[in-house]
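A.B. asks: Supplied in structure tokens, the structure appears directly below.
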Amino acid sequence: MLQQIAFILVLAATFYFSFGRYRAIYQNIQLGKGDLSNNNPSHRWRNVLLVAFGQRKMFKRLVPAIFHFFIYAAFLLTQVELIEIIIDGLSGNHRVFASLLGTFYTFIINFIEALSLLAFVATIIFLWRRNILKVPRFHRSEMGGWPKLDGNLILIGELLLLIGIFSMNGADGILQQADPTHYPATGKLFISSAIGSTLFGGLSVGQLIAVERFGWWLHLIVVFGFITYLPFSKHLHIFLAFFNTYFAPLKPRGEMENMPDIAQEVRIMMGLEEETGDVSAELPAFGSNDVFTLNKHTLMGAYACTECGRCTSECPANITGKKLSPRKIMMDIRDRMEDIRKNIKSGNPEFIKPDLRETQKKITPENYGDGKSLFDYITREEIHACTTCQACVEACPVLINPLEPILALRRYEILTESAGPPDWLPMFNSLESSQSPWQIPEPRNKWAVDARSSS
Amino acid sequence: MDNMSIPELAELLASGEAPEYIFWVGCAGSYDARAQKVSIAMTQILERAKVNYAILGNEEGCCGDPARRAGNEFLFQMLAQMNIETLNGYEIKKIITTCPHCLNTLKNEYPKLGGTYEVVHHTQFIKKLLAEGKIQLENSTKNGKTVTYHDSCYLGRVNGVYEVPRDVLKQLNIDIVEMKRNRTTGLCCGAGGAQMFKEDEKGEKRINQERVTEALDTGADVIAVNCPFCLTMMTDGVKEAEKHEDVMVYDLAELIIQNIDKP
């Protein structure tokens, strides 16, 4: 009974502490413009199945993909055991599925144990790759401090979880013989019975019960800890990868988002369209300098990113020592959202746009203005280094598109600020005057005229 | 050199003929001395194959790719609208282009602005001509030369065409050696996203140096490209590495015309 009360308290605390964070992330994604597109659901589900469930893009790098798959598969299947733990915890039963499922239970738990063992090996290898082998993509400038600690905390949490599972099952196997009425038979569990007889063989029944309970509670606490921790962590990708692949745009990869307002204005200017009359006096801002004008899918991508750095390690600018790192762009967008949320939550009217402070007292995303923008997080040098080669887009295993915000920032710089790399000015001028990026006095067809006359 | 006609659309229409295809030359193909040679090679191929085509000549303008990727949407829309007016005015249906940036803009971006055409890259068209027997290659024995193929970003990753140019190369009787980074992981030459028209940002080296080193490491005698900007970047990189006497950089169209069966 005491354990049941403790269980309910832990469960309630988990929901209480995590709910606010998950809601904040949902609200942050809603800060973006437009809607998440949901056309052609069958194509989208196909993406989820192949890319998220099937991990198709992970397998472009075979070794990490295999180890990642072990952890992923173990995670998915352990949920069966977790459901049992929750039912047991609430009802005060022990292994309620064992007698219900019979030999199938033996099979599934054996399967979970095999995957868990593989996941244990994979986790150790990942810790080694991160900290001793020092795989370069985990050691770029944006990967110090919290991102580094975050990566290691997750892996250590995984180890604890697996230790919990094996001590729980190992001690349980021996207790099944000592006290069959309280410990229903699970059938032979190959891995945990080997662990049990090796480590816990000489223990008394009391000690075995303690080990079993320790494993059970450790498993549970780590899982609930994860649920609470995830929304603070890059590890949120275990949920958002599925959403992000579902909502990924389906348009041709090379198509930049059209700007219908500008298209219309140009058509009017060229006399191709009638002026409709409702021209606003205020000059609108074009492109994006903050999360409010980025697409919702981009913002979701910032939370779906697990900082694996495949994008950055394929980026030609980054490879040749430039400051641009596509991963950092996504991390900066997330940091910006986090800062905005913190400020909105503070209720401090200083974070209302100065011209609205008189009339509005409550901060909302609509009146928000802290005097900062994404350009306080991302430098001009970074966005100017991009070749739009799409290597980052191709590399991302969960369909995040770091190119989209880079181009949106470039648009803001050129269209709203009239700034940008000075080298581009002659190109713009020449394109405007002679429809060619080079200022060349000769007619466009000269090459053909010359070729004709010399043949 | 062949007796070349390189028909221009307005003249062709004036004489009562209508071409099936427009050869979209692009800015580099029109103005860049090196890329002009690719334009000539492509027109030679088209004329050998007796393709009913024309160029727009002075009625063609920049497709707008560098303006759009630099962020200048106003300029892009202006350029795009002018071209769409021209193309729609002439009721153009099919376009061949030697520039993968033009390919991408015309194929993927013009439809939203009212211009829908069937656009193919010249390597795709060459493959078709070879398959239909419209052009034949000399049945030469292997000369021991090797070629490495550089995927342009805008033909490869952006438009998903990786194997077509390789299929064409395979018909040339030369050995293909792949660079370490190829196809979906092919490294950019450094020119895309309007980088062609600005200095590199600060870094350890330029992107074309990195890519040329990789190409030279294959030991190939020829670097084959499919994009006029890659052509410039790779040629510059080879020259900088002082290998321009040993290693040649060619567009696929040029390799075809060098090996075509002389009539």
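Every chain in the structure tokens takes a letter, A first, then B, and so on in the order presented; its residues are numbered from 1, and the ligands are numbered from 1 following the presented order.
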Compute the set of chain B residues within 6 Å of chain A, using only C-alpha atoms, and express it as an MDAnalysis selection string.
C.D. replies: chainID B and resid 1 3:4 27 30 57:58 61:62 71:72 77 108:109 153 158 192:193 198 201:205
A.B. asks: Save out the residues we just selected, N, CA and C atoms, as a PDB file, in the first residue's frame.
C.D. replies:
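File written: again12.pdb
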ATOM      1  N   MET B   1      35.267  23.157 -87.714  1.00  0.00           N
ATOM      2  CA  MET B   1      33.992  23.305 -87.016  1.00  0.00           C
ATOM      3  C   MET B   1      32.812  23.116 -87.973  1.00  0.00           C
ATOM      4  N   ASN B   3      29.250  23.679 -89.783  1.00  0.00           N
ATOM      5  CA  ASN B   3      28.574  24.872 -90.258  1.00  0.00           C
ATOM      6  C   ASN B   3      27.361  25.097 -89.354  1.00  0.00           C
ATOM      7  N   MET B   4      27.485  26.091 -88.486  1.00  0.00           N
ATOM      8  CA  MET B   4      26.476  26.193 -87.434  1.00  0.00           C
ATOM      9  C   MET B   4      25.403  27.212 -87.754  1.00  0.00           C
ATOM     10  N   CYS B  27      23.126  32.914 -68.259  1.00  0.00           N
ATOM     11  CA  CYS B  27      24.056  34.053 -68.256  1.00  0.00           C
ATOM     12  C   CYS B  27      25.495  33.593 -68.470  1.00  0.00           C
ATOM     13  N   SER B  30      26.157  32.505 -71.928  1.00  0.00           N
ATOM     14  CA  SER B  30      26.158  33.613 -72.883  1.00  0.00           C
ATOM     15  C   SER B  30      27.395  34.497 -72.750  1.00  0.00           C
ATOM     16  N   GLY B  57      18.166  34.175 -77.739  1.00  0.00           N
ATOM     17  CA  GLY B  57      19.072  35.285 -78.075  1.00  0.00           C
ATOM     18  C   GLY B  57      18.948  36.422 -77.074  1.00  0.00           C
ATOM     19  N   ASN B  58      18.755  37.619 -77.593  1.00  0.00           N
ATOM     20  CA  ASN B  58      18.713  38.780 -76.694  1.00  0.00           C
ATOM     21  C   ASN B  58      17.399  38.891 -75.921  1.00  0.00           C
ATOM     22  N   GLY B  61      16.760  36.451 -70.442  1.00  0.00           N
ATOM     23  CA  GLY B  61      17.361  37.213 -69.337  1.00  0.00           C
ATOM     24  C   GLY B  61      17.736  36.266 -68.230  1.00  0.00           C
ATOM     25  N   CYS B  62      18.494  36.752 -67.269  1.00  0.00           N
ATOM     26  CA  CYS B  62      18.865  35.911 -66.125  1.00  0.00           C
ATOM     27  C   CYS B  62      17.610  35.296 -65.515  1.00  0.00           C
ATOM     28  N   GLY B  71      18.704  36.801 -51.568  1.00  0.00           N
ATOM     29  CA  GLY B  71      17.661  37.388 -50.732  1.00  0.00           C
ATOM     30  C   GLY B  71      16.885  38.491 -51.416  1.00  0.00           C
ATOM     31  N   ASN B  72      17.259  38.817 -52.663  1.00  0.00           N
ATOM     32  CA  ASN B  72      16.625  39.940 -53.344  1.00  0.00           C
ATOM     33  C   ASN B  72      15.407  39.479 -54.140  1.00  0.00           C
ATOM     34  N   GLN B  77      11.701  38.485 -58.779  1.00  0.00           N
ATOM     35  CA  GLN B  77      10.360  38.503 -59.362  1.00  0.00           C
ATOM     36  C   GLN B  77      10.350  39.270 -60.681  1.00  0.00           C
ATOM     37  N   ASN B 108      11.183  24.446 -61.110  1.00  0.00           N
ATOM     38  CA  ASN B 108      10.551  24.358 -59.787  1.00  0.00           C
ATOM     39  C   ASN B 108       9.970  25.666 -59.268  1.00  0.00           C
ATOM     40  N   GLU B 109      10.428  26.801 -59.788  1.00  0.00           N
ATOM     41  CA  GLU B 109       9.980  28.076 -59.212  1.00  0.00           C
ATOM     42  C   GLU B 109       9.068  28.881 -60.136  1.00  0.00           C
ATOM     43  N   CYS B 153      25.395  20.654 -57.122  1.00  0.00           N
ATOM     44  CA  CYS B 153      24.350  20.575 -56.092  1.00  0.00           C
ATOM     45  C   CYS B 153      22.960  20.661 -56.698  1.00  0.00           C
ATOM     46  N   VAL B 158      19.605  18.789 -55.324  1.00  0.00           N
ATOM     47  CA  VAL B 158      18.395  19.599 -55.407  1.00  0.00           C
ATOM     48  C   VAL B 158      17.362  18.970 -56.346  1.00  0.00           C
ATOM     49  N   GLY B 192      27.434  28.253 -55.461  1.00  0.00           N
ATOM     50  CA  GLY B 192      25.979  28.399 -55.345  1.00  0.00           C
ATOM     51  C   GLY B 192      25.562  29.447 -54.330  1.00  0.00           C
ATOM     52  N   GLY B 193      24.266  29.756 -54.351  1.00  0.00           N
ATOM     53  CA  GLY B 193      23.737  30.728 -53.399  1.00  0.00           C
ATOM     54  C   GLY B 193      24.341  32.108 -53.587  1.00  0.00           C
ATOM     55  N   LYS B 198      30.629  36.961 -54.939  1.00  0.00           N
ATOM     56  CA  LYS B 198      31.205  37.642 -53.778  1.00  0.00           C
ATOM     57  C   LYS B 198      32.456  36.912 -53.323  1.00  0.00           C
ATOM     58  N   GLU B 201      33.594  34.149 -47.271  1.00  0.00           N
ATOM     59  CA  GLU B 201      33.741  34.576 -45.872  1.00  0.00           C
ATOM     60  C   GLU B 201      35.069  34.024 -45.350  1.00  0.00           C
ATOM     61  N   LYS B 202      35.502  34.571 -44.225  1.00  0.00           N
ATOM     62  CA  LYS B 202      36.782  34.128 -43.652  1.00  0.00           C
ATOM     63  C   LYS B 202      36.758  32.625 -43.342  1.00  0.00           C
ATOM     64  N   GLY B 203      37.880  31.970 -43.594  1.00  0.00           N
ATOM     65  CA  GLY B 203      37.945  30.541 -43.308  1.00  0.00           C
ATOM     66  C   GLY B 203      39.362  30.031 -43.506  1.00  0.00           C
ATOM     67  N   GLU B 204      39.505  28.706 -43.442  1.00  0.00           N
ATOM     68  CA  GLU B 204      40.839  28.136 -43.618  1.00  0.00           C
ATOM     69  C   GLU B 204      41.223  28.037 -45.089  1.00  0.00           C
ATOM     70  N   LYS B 205      40.241  27.761 -45.930  1.00  0.00           N
ATOM     71  CA  LYS B 205      40.493  27.684 -47.371  1.00  0.00           C
ATOM     72  C   LYS B 205      39.198  27.921 -48.119  1.00  0.00           C
TER      73      LYS B 205
END
A.B. asks: Going by DSSP on the backbone, which bits of stretch 208-247 of chain B are helix (DSSP H, G or I)? Write them as an MDAnalysis selection string, please.
C.D. replies: chainID B and resid 208:217 228:240
A.B. asks: Can you tell me how far atom CA of A:Arg95 sits from atom CA of A:Ala13, in Å to one decimal?
C.D. replies: 23.8 Å
A.B. asks: Fewer than 6 positions away in the same chain doesn't count, so skip those; otherwise give me all residues within 6 Å of stretch 160-174 of chain A, counting only C-alpha atoms, as a list in words.
C.D. replies: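 Residues meeting the cut-off are Ser192, Ser193, Ile195, Gly196, Leu208, Glu212, Gly215, Trp216, Leu218, His219 and Val222 of chain A.
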A.B. asks: Point out the residue among A:Leu250, A:Val121, A:Leu101, A:Val205 with the least atom-to-atom distance to A:Phe67, counting only C-alpha atoms.
C.D. replies: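 Smallest separation from A:Phe67 among the options: A:Val121.
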A.B. asks: Excluding same-chain residues fewer than 3 positions from A:His237, what lies within 8 Å of it counting only C-alpha atoms, as a ChimeraX atom specification?
C.D. replies: /A:234,240-241,303-306
A.B. asks: With C-alpha atoms retained, write the just-selected residues as a short mmCIF file (atom, residue, chain, number, x, y, z; two decimals), in the first residue's frame.
C.D. replies:
data_model
loop_
_atom_site.label_atom_id
_atom_site.label_comp_id
_atom_site.auth_asym_id
_atom_site.auth_seq_id
_atom_site.Cartn_x
_atom_site.Cartn_y
_atom_site.Cartn_z
CA LYS A 234 18.02 17.89 -27.23
CA LEU A 240 9.43 15.31 -32.25
CA ALA A 241 11.22 13.33 -34.96
CA TYR A 303 13.12 21.36 -31.03
CA ALA A 304 13.38 18.13 -33.04
CA CYS A 305 17.14 18.64 -33.47
CA THR A 306 19.25 16.29 -31.37
#
A.B. asks: Contacts of B:Glu8 at 8 Å or less, counting only C-alpha atoms, minus same-chain residues fewer than 6 places along, as an MDAnalysis selection string?
C.D. replies: chainID B and resid 54:57
A.B. asks: Selected residues, C-alpha atoms, written as an mmCIF file, in the first residue's frame, please.
C.D. replies:
data_model
loop_
_atom_site.group_PDB
_atom_site.id
_atom_site.type_symbol
_atom_site.label_atom_id
_atom_site.label_comp_id
_atom_site.auth_asym_id
_atom_site.auth_seq_id
_atom_site.Cartn_x
_atom_site.Cartn_y
_atom_site.Cartn_z
ATOM 1 C CA ALA B 54 16.135 27.755 -81.154
ATOM 2 C CA ILE B 55 17.734 30.076 -78.655
ATOM 3 C CA LEU B 56 15.994 33.180 -77.346
ATOM 4 C CA GLY B 57 19.072 35.285 -78.075
#
A.B. asks: With only C-alpha atoms as the counted atoms, please give the residues lying no more than 7 Å from stretch 181-184 of chain B, apart from itself and same-chain residues fewer than 5 positions off, as JSON, numbers by chain.
C.D. replies: {"B": [151, 156, 157, 162]}
A.B. asks: Which residue is closest to B:Thr218? Choose from B:Ala194, B:Val177, B:Leu155, B:Ala80 and count only C-alpha atoms.
C.D. replies: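 Distance minimum relative to B:Thr218 lands on B:Val177.
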A.B. asks: Record the distance separating atom CA of A:Gly32 and atom CA of A:Glu366, expressed in Å with one decimal.
C.D. replies: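 Computing it gives 11.1 Å between the two atoms.
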A.B. asks: Just to confirm, what's the straight-line distance from atom CA of B:Cys230 to atom CA of B:Met196 in Å (one decimal)?
C.D. replies: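 Computed distance, atom CA of B:Cys230 to atom CA of B:Met196, equals 9.7 Å.
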A.B. asks: As an NGL selection string, please: every residue in stretch 10-250 of chain B that a backbone DSSP assignment puts in strand (DSSP E or B).
C.D. replies: :B and (21-24 or 53-55 or 94-97 or 118-121 or 137 or 146-149 or 175-176 or 222-225 or 248-250)
A.B. asks: For those residues, write C-alpha atoms to a file as a compact mmCIF listing (two decimals), in the first residue's frame.
C.D. replies:
# COMPACT_ATOMS: atom_id res chain seq x y z
CA TYR B 21 12.70 23.08 -78.01
CA ILE B 22 14.22 26.23 -76.60
CA PHE B 23 17.87 25.92 -75.68
CA TRP B 24 18.09 28.11 -72.57
CA TYR B 53 15.48 24.05 -81.57
CA ALA B 54 16.14 27.75 -81.15
CA ILE B 55 17.73 30.08 -78.65
CA LYS B 94 9.92 22.48 -73.84
CA ILE B 95 13.24 23.83 -72.60
CA ILE B 96 16.76 22.39 -72.54
CA THR B 97 19.37 24.12 -70.41
CA GLU B 118 8.88 20.87 -69.46
CA VAL B 119 12.48 21.62 -68.51
CA VAL B 120 15.38 19.20 -68.85
CA HIS B 121 19.07 19.47 -68.18
CA LEU B 137 29.86 8.12 -80.44
CA THR B 146 40.07 8.21 -66.44
CA VAL B 147 37.41 10.74 -65.56
CA THR B 148 35.94 11.77 -62.24
CA TYR B 149 32.45 13.21 -62.19
CA ASP B 175 36.97 4.73 -66.78
CA ILE B 176 35.06 6.63 -64.13
CA VAL B 222 39.53 14.67 -66.61
CA ILE B 223 37.12 16.30 -64.19
CA ALA B 224 33.64 16.22 -65.74
CA VAL B 225 31.08 18.81 -64.66
CA MET B 248 41.36 19.02 -67.77
CA VAL B 249 37.97 20.22 -66.61
CA TYR B 250 35.18 19.69 -69.14
